[in-house]
$ cat query-v5.pdb   # PDB, C-alpha atoms
ATOM      1  CA  MET A 297      40.692  37.301-209.452
ATOM      2  CA  ARG A 298      37.921  37.279-212.030
ATOM      3  CA  ALA A 299      35.755  40.397-212.021
ATOM      4  CA  ILE A 300      32.193  39.990-210.781
ATOM      5  CA  THR A 301      29.569  40.707-213.387
ATOM      6  CA  VAL A 302      26.947  43.154-212.182
ATOM      7  CA  TYR A 303      23.853  43.977-214.217
ATOM      8  CA  LYS A 304      20.557  45.772-213.959
ATOM      9  CA  THR A 305      17.601  43.476-213.415
ATOM     10  CA  SER A 306      14.591  44.008-215.642
ATOM     11  CA  ILE A 307      11.879  45.913-213.784
ATOM     12  CA  ALA A 308       9.224  43.852-215.541
ATOM     13  CA  SER A 309       9.589  41.064-212.997
ATOM     14  CA  VAL A 310       8.582  43.279-210.082
ATOM     15  CA  GLN A 311       6.295  45.911-211.523
ATOM     16  CA  PRO A 312       3.193  43.653-211.582
ATOM     17  CA  THR A 313       3.340  43.342-207.795
ATOM     18  CA  ALA A 314       3.706  47.094-207.426
ATOM     19  CA  LYS A 315       0.786  47.797-209.734
ATOM     20  CA  LYS A 316      -1.437  45.179-208.192
ATOM     21  CA  ASN A 317      -0.818  46.253-204.616
ATOM     22  CA  GLY A 318      -0.289  49.980-205.062
ATOM     23  CA  GLY A 319       3.348  49.811-203.992
ATOM     24  CA  VAL A 320       4.308  53.452-204.398
ATOM     25  CA  ALA A 321       7.793  52.857-203.096
ATOM     26  CA  MET A 322       8.295  49.977-205.539
ATOM     27  CA  LYS A 323       7.348  52.201-208.463
ATOM     28  CA  ARG A 324       9.709  54.894-207.223
ATOM     29  CA  ILE A 325      12.543  52.422-207.012
ATOM     30  CA  ALA A 326      11.814  51.155-210.495
ATOM     31  CA  THR A 327      11.954  54.638-212.001
ATOM     32  CA  THR A 328      14.938  55.956-210.039
ATOM     33  CA  VAL A 329      17.344  53.039-210.112
ATOM     34  CA  GLY A 330      15.887  50.700-212.725
ATOM     35  CA  LEU A 331      15.242  48.370-209.760
ATOM     36  CA  ALA A 332      18.034  46.085-208.670
ATOM     37  CA  LEU A 333      21.708  45.593-209.062
ATOM     38  CA  ALA A 334      22.107  41.829-208.903
ATOM     39  CA  LEU A 335      25.011  39.440-209.234
ATOM     40  CA  SER A 336      25.408  37.079-212.163
ATOM     41  CA  SER A 337      25.032  33.817-210.216
ATOM     42  CA  SER A 338      25.429  32.353-206.743
ATOM     43  CA  ALA A 339      27.880  29.762-207.979
ATOM     44  CA  ALA A 340      30.142  32.339-209.572
ATOM     45  CA  LEU A 341      29.962  34.610-206.569
ATOM     46  CA  ALA A 342      30.718  31.819-204.118
ATOM     47  CA  ALA A 343      34.093  31.388-205.793
ATOM     48  CA  GLU A 344      34.987  35.025-205.271
ATOM     49  CA  SER A 345      36.654  36.536-202.224
ATOM     50  CA  SER A 346      34.676  37.851-199.276
ATOM     51  CA  GLU A 347      35.917  41.322-200.203
ATOM     52  CA  ALA A 348      34.268  41.074-203.615
ATOM     53  CA  ILE A 349      31.025  39.885-202.053
ATOM     54  CA  ASN A 350      31.072  42.728-199.538
ATOM     55  CA  ASN A 351      31.765  45.288-202.265
ATOM     56  CA  ALA A 352      28.916  43.978-204.391
ATOM     57  CA  ALA A 353      26.513  44.032-201.431
ATOM     58  CA  ALA A 354      27.521  47.585-200.546
ATOM     59  CA  LYS A 355      26.830  48.659-204.123
ATOM     60  CA  VAL A 356      23.338  47.154-204.013
ATOM     61  CA  ALA A 357      22.673  48.751-200.616
ATOM     62  CA  VAL A 358      23.690  52.192-201.871
ATOM     63  CA  ASN A 359      22.017  52.044-205.283
ATOM     64  CA  LEU A 360      18.831  50.192-204.376
ATOM     65  CA  CYS A 361      18.093  49.659-200.702
ATOM     66  CA  SER A 362      18.849  53.239-199.675
ATOM     67  CA  SER A 363      15.824  54.417-201.678
ATOM     68  CA  CYS A 364      13.626  53.204-198.817
ATOM     69  CA  HIS A 365      15.935  52.306-195.942
ATOM     70  CA  GLY A 366      18.053  55.455-196.119
ATOM     71  CA  PRO A 367      21.797  56.014-196.361
ATOM     72  CA  ALA A 368      23.659  53.210-194.546
ATOM     73  CA  GLY A 369      20.346  51.845-193.321
ATOM     74  CA  ASN A 370      19.169  54.829-191.308
ATOM     75  CA  SER A 371      15.744  55.345-192.842
ATOM     76  CA  ILE A 372      13.685  58.491-192.420
ATOM     77  CA  SER A 373      10.243  57.096-193.198
ATOM     78  CA  PRO A 374       8.601  55.011-190.440
ATOM     79  CA  THR A 375       7.137  52.775-193.143
ATOM     80  CA  PHE A 376      10.597  51.303-193.677
ATOM     81  CA  PRO A 377      12.679  49.919-190.794
ATOM     82  CA  LYS A 378      16.109  51.162-189.841
ATOM     83  CA  LEU A 379      18.638  48.473-190.688
ATOM     84  CA  ALA A 380      21.874  50.029-189.447
ATOM     85  CA  GLY A 381      23.416  47.949-186.664
ATOM     86  CA  GLN A 382      20.778  45.229-187.022
ATOM     87  CA  GLN A 383      21.709  41.663-186.074
ATOM     88  CA  LYS A 384      23.286  39.906-189.064
ATOM     89  CA  MET A 385      21.591  36.560-188.450
ATOM     90  CA  TYR A 386      18.194  38.232-188.122
ATOM     91  CA  LEU A 387      18.656  40.185-191.348
ATOM     92  CA  SER A 388      19.704  37.066-193.259
ATOM     93  CA  ALA A 389      16.673  35.174-191.970
ATOM     94  CA  GLN A 390      14.271  37.966-192.902
ATOM     95  CA  LEU A 391      15.686  38.394-196.407
ATOM     96  CA  ARG A 392      15.329  34.655-196.997
ATOM     97  CA  ALA A 393      11.775  34.732-195.658
ATOM     98  CA  LEU A 394      10.976  37.581-198.049
ATOM     99  CA  LYS A 395      12.683  35.749-200.894
ATOM    100  CA  ASP A 396      10.692  32.536-200.388
ATOM    101  CA  LYS A 397       7.546  34.537-199.507
ATOM    102  CA  SER A 398       7.112  32.878-196.126
ATOM    103  CA  ARG A 399       7.001  36.360-194.616
ATOM    104  CA  SER A 400       3.677  37.548-195.930
ATOM    105  CA  ASP A 401       2.562  40.603-193.996
ATOM    106  CA  PRO A 402       1.116  43.260-196.336
ATOM    107  CA  GLU A 403       4.155  45.542-196.347
ATOM    108  CA  ALA A 404       6.478  42.628-197.084
ATOM    109  CA  HIS A 405       4.222  41.624-199.971
ATOM    110  CA  ASP A 406       3.946  45.130-201.403
ATOM    111  CA  TYR A 407       7.522  46.326-201.063
ATOM    112  CA  MET A 408       9.940  43.441-200.646
ATOM    113  CA  TRP A 409       8.815  40.248-202.372
ATOM    114  CA  GLY A 410       9.799  41.441-205.827
ATOM    115  CA  ILE A 411      13.118  42.856-204.681
ATOM    116  CA  ALA A 412      14.101  39.872-202.549
ATOM    117  CA  ALA A 413      13.420  37.559-205.488
ATOM    118  CA  THR A 414      16.398  39.123-207.316
ATOM    119  CA  LEU A 415      18.844  38.368-204.496
ATOM    120  CA  ASP A 416      20.967  35.246-204.536
ATOM    121  CA  GLU A 417      22.264  33.554-201.388
ATOM    122  CA  ALA A 418      25.657  35.213-201.361
ATOM    123  CA  LEU A 419      24.122  38.642-201.789
ATOM    124  CA  VAL A 420      21.660  37.993-198.961
ATOM    125  CA  ASP A 421      24.553  37.277-196.613
ATOM    126  CA  GLY A 422      26.519  40.205-197.984
ATOM    127  CA  LEU A 423      23.676  42.653-197.382
ATOM    128  CA  ALA A 424      23.135  41.308-193.873
ATOM    129  CA  GLY A 425      26.820  41.818-193.160
ATOM    130  CA  TYR A 426      26.801  45.304-194.638
ATOM    131  CA  TYR A 427      23.890  46.577-192.578
ATOM    132  CA  SER A 428      24.957  44.881-189.360
ATOM    133  CA  SER A 429      28.258  46.764-189.564
ATOM    134  CA  GLN A 430      26.716  50.218-190.044
ATOM    135  CA  THR A 431      26.438  52.732-187.224
ATOM    136  CA  PRO A 432      22.866  53.209-185.969
ATOM    137  CA  ALA A 433      21.438  56.698-185.667
ATOM    138  CA  THR A 434      20.931  58.094-182.185
ATOM    139  CA  GLY A 435      17.541  57.681-180.528
ATOM    140  CA  LYS A 436      14.769  60.221-180.855
ATOM    141  CA  PRO A 437      13.397  61.958-177.729
ATOM    142  CA  GLY A 438       9.708  61.522-177.004
ATOM    143  CA  ASP A 439       7.017  61.757-174.328
ATOM    144  CA  PRO A 440       8.831  61.156-171.001
ATOM    145  CA  ALA A 441       5.806  59.568-169.323
ATOM    146  CA  LEU A 442       5.180  57.222-172.229
ATOM    147  CA  ILE A 443       8.871  56.335-172.427
ATOM    148  CA  ALA A 444       8.918  55.493-168.710
ATOM    149  CA  GLN A 445       5.856  53.280-169.103
ATOM    150  CA  GLY A 446       7.409  51.504-172.068
ATOM    151  CA  LYS A 447      10.743  51.090-170.307
ATOM    152  CA  HIS A 448       9.053  49.361-167.374
ATOM    153  CA  LEU A 449       7.178  46.969-169.654
ATOM    154  CA  PHE A 450      10.271  46.271-171.755
ATOM    155  CA  GLU A 451      12.436  45.514-168.728
ATOM    156  CA  ASN A 452       9.919  43.823-166.444
ATOM    157  CA  GLY A 453       6.987  42.620-168.494
ATOM    158  CA  ASP A 454       3.677  42.152-166.704
ATOM    159  CA  ASP A 455       3.238  38.911-164.756
ATOM    160  CA  SER A 456      -0.443  39.565-164.170
ATOM    161  CA  ARG A 457      -1.047  39.362-167.919
ATOM    162  CA  LYS A 458       1.662  36.785-168.634
ATOM    163  CA  ILE A 459       3.661  39.294-170.669
ATOM    164  CA  THR A 460       7.353  38.399-170.693
ATOM    165  CA  ALA A 461       9.952  41.150-170.386
ATOM    166  CA  CYS A 462      11.285  42.076-173.830
ATOM    167  CA  VAL A 463      14.788  42.333-172.415
ATOM    168  CA  SER A 464      14.883  38.532-172.137
ATOM    169  CA  CYS A 465      15.433  38.173-175.891
ATOM    170  CA  HIS A 466      16.216  41.647-177.206
ATOM    171  CA  GLY A 467      18.901  42.577-174.692
ATOM    172  CA  ALA A 468      19.286  45.104-171.884
ATOM    173  CA  ASN A 469      19.841  47.898-174.390
ATOM    174  CA  ALA A 470      17.465  46.506-177.021
ATOM    175  CA  GLU A 471      20.534  45.643-179.084
ATOM    176  CA  GLY A 472      19.157  42.258-180.098
ATOM    177  CA  ASN A 473      20.892  38.887-180.185
ATOM    178  CA  THR A 474      21.422  36.586-183.186
ATOM    179  CA  ILE A 475      17.884  35.849-184.463
ATOM    180  CA  PHE A 476      16.299  38.390-182.118
ATOM    181  CA  PRO A 477      16.357  41.813-183.777
ATOM    182  CA  ARG A 478      17.868  45.029-182.579
ATOM    183  CA  LEU A 479      14.998  47.333-181.600
ATOM    184  CA  ALA A 480      16.913  50.292-180.185
ATOM    185  CA  GLY A 481      16.271  53.476-182.144
ATOM    186  CA  GLN A 482      13.674  51.865-184.411
ATOM    187  CA  HIS A 483      10.779  54.002-185.652
ATOM    188  CA  ALA A 484       7.981  53.846-183.094
ATOM    189  CA  ALA A 485       5.312  53.580-185.789
ATOM    190  CA  TYR A 486       7.144  50.671-187.397
ATOM    191  CA  VAL A 487       7.450  48.823-184.076
ATOM    192  CA  VAL A 488       3.736  49.244-183.386
ATOM    193  CA  ARG A 489       2.844  48.030-186.869
ATOM    194  CA  GLN A 490       5.000  44.912-186.541
ATOM    195  CA  LEU A 491       3.543  44.085-183.141
ATOM    196  CA  GLN A 492       0.071  44.381-184.646
ATOM    197  CA  VAL A 493       0.747  42.163-187.660
ATOM    198  CA  ILE A 494       2.441  39.548-185.466
ATOM    199  CA  GLN A 495      -0.353  39.626-182.910
ATOM    200  CA  THR A 496      -2.952  39.047-185.646
ATOM    201  CA  ASN A 497      -0.814  36.424-187.404
ATOM    202  CA  LEU A 498      -0.464  38.500-190.566
ATOM    203  CA  ARG A 499       3.239  38.063-189.931
ATOM    204  CA  LYS A 500       4.136  34.616-188.625
ATOM    205  CA  SER A 501       6.402  34.558-185.568
ATOM    206  CA  SER A 502       5.884  31.525-183.377
ATOM    207  CA  VAL A 503       8.017  32.901-180.532
ATOM    208  CA  MET A 504       6.628  36.424-180.504
ATOM    209  CA  HIS A 505       2.988  35.603-181.107
ATOM    210  CA  GLY A 506       2.594  33.771-177.828
ATOM    211  CA  LEU A 507       4.398  36.464-175.881
ATOM    212  CA  ILE A 508       2.403  39.481-177.049
ATOM    213  CA  THR A 509      -1.112  38.052-177.123
ATOM    214  CA  GLU A 510      -2.188  40.213-174.189
ATOM    215  CA  LEU A 511      -0.487  43.412-175.324
ATOM    216  CA  LYS A 512      -2.889  46.314-175.781
ATOM    217  CA  LEU A 513      -2.364  49.081-178.318
ATOM    218  CA  THR A 514      -1.463  51.462-175.476
ATOM    219  CA  ASP A 515       1.232  48.997-174.373
ATOM    220  CA  MET A 516       2.596  48.766-177.893
ATOM    221  CA  LYS A 517       2.800  52.529-178.243
ATOM    222  CA  ALA A 518       4.575  52.894-174.906
ATOM    223  CA  VAL A 519       7.175  50.217-175.671
ATOM    224  CA  ALA A 520       7.672  51.623-179.166
ATOM    225  CA  GLU A 521       8.193  55.144-177.803
ATOM    226  CA  PHE A 522      10.801  53.819-175.382
ATOM    227  CA  LEU A 523      12.632  51.881-178.111
ATOM    228  CA  GLN A 524      12.635  54.856-180.462
ATOM    229  CA  SER A 525      14.339  56.904-177.766
ATOM    230  CA  LYS A 526      17.203  54.426-177.300
TER     231      LYS A 526
END
$ encode --input "query-v5.pdb" --output "structure tokens"
Amino acid sequence: MRAITVYKTSIASVQPTAKKNGGVAMKRIATTVGLALALSSSAALAAESSEAINNAAAKVAVNLCSSCHGPAGNSISPTFPKLAGQQKMYLSAQLRALKDKSRSDPEAHDYMWGIAATLDEALVDGLAGYYSSQTPATGKPGDPALIAQGKHLFENGDDSRKITACVSCHGANAEGNTIFPRLAGQHAAYVVRQLQVIQTNLRKSSVMHGLITELKLTDMKAVAEFLQSK
């Protein structure tokens, strides 16, 4: 089998976004790993074996993505989501949305647009497969009262405010399902931030927007605390 050509992408293509938007993490990536490891072309990669694709994706994940998302996708900073054990279909969809810039919340713009632009289709699927197969970190204990409040809202919703139970889409254990993301163990601060940007339409999500219209910040924090503990 022909060897896959791997090369370092020029950081010039992504530095303007970092400078313009103050993307500290982007600058750090650029200086520590020269930015991305990318594959030579989608067409060439498509002809290679799935093993070669998986190996190339793992290399990118280790040398690039781990700078923000942590080893094997278990990030430490709440700015960056945990990806380990995430639903493969959801990850693929989000990477494509970042690549075509249809996901335009501020953090996506500052940190991921430039990086996603370097990924071809095969690598997108390879990265989604890599992270979906990683073992998630265990949940983090938190305020018992807040966790109980969040658990009730997650499992039952609130009919009086037309809030649908999160379990309907995200699963009994918040494990997610196909296009619905795994939320178990996710950073509480990240969950709250995403709920806020979806609620205000900074991040487009036609399904979620209608379901969380009536969520208050206190509700978001309670649900997020519960999910972080899972």
$ closest_residue --input "query-v5.pdb" --among "A:Ala413, A:Val463, A:Ala518, A:Leu423" --to "Ala380 of chain A" --atoms "all atoms listed in the file"
A:Leu423
$ residues_around --input "query-v5.pdb" --residues "Lys384 of chain A" --least-positions-apart "2" --cutoff "9 Å" --atoms "only C-alpha atoms" --output "number ranges by chain"
A: 381-382, 386-389, 421, 423-429, 474-475, 477
$ closest_residue --input "query-v5.pdb" --among "A:Asn359, A:Gln492, A:Ser464, A:Gln383" --to "Met516 of chain A" --atoms "only C-alpha atoms"
A:Gln492
$ closest_residue --input "query-v5.pdb" --among "A:Arg499, A:Arg457, A:Lys447, A:Lys517" --to "His405 of chain A" --atoms "all atoms listed in the file"
A:Arg499
$ closest_atom_pairs --input "query-v5.pdb" --of "segment 372-403 of chain A" --to "segment 501-514 of chain A" --cutoff "12 Å" --atoms "only C-alpha atoms" --output "CSV"
residue,atom,partner,partner_atom,distance
A:Gln390,CA,A:Ser501,CA,11.3
A:Ala393,CA,A:Ser501,CA,11.4
A:Ser398,CA,A:Ser501,CA,10.7
A:Arg399,CA,A:Ser501,CA,9.2
A:Ser400,CA,A:Ser501,CA,11.1
A:Asp401,CA,A:Ser501,CA,11.1
$ atom_distance --input "query-v5.pdb" --atom1 "atom CA of Val488 of chain A" --atom2 "atom CA of Leu360 of chain A"
25.9 Å
$ closest_residue --input "query-v5.pdb" --among "A:Pro402, A:Trp409, A:Phe376, A:Ile459" --to "Asn497 of chain A" --atoms "all atoms listed in the file"
A:Pro402
$ closest_residue --input "query-v5.pdb" --among "A:Thr375, A:Ser345, A:Gln524, A:Asn350" --to "Gly438 of chain A" --atoms "all atoms listed in the file"
A:Gln524
$ closest_residue --input "query-v5.pdb" --among "A:Asn452, A:Gln482, A:Asn351, A:Asn473" --to "Ser373 of chain A" --atoms "only C-alpha atoms"
A:Gln482
$ atom_distance --input "query-v5.pdb" --atom1 "atom CA of Gly481 of chain A" --atom2 "atom CA of Asp396 of chain A"
28.3 Å
$ atom_distance --input "query-v5.pdb" --atom1 "atom CA of Glu471 of chain A" --atom2 "atom CA of His448 of chain A"
16.8 Å
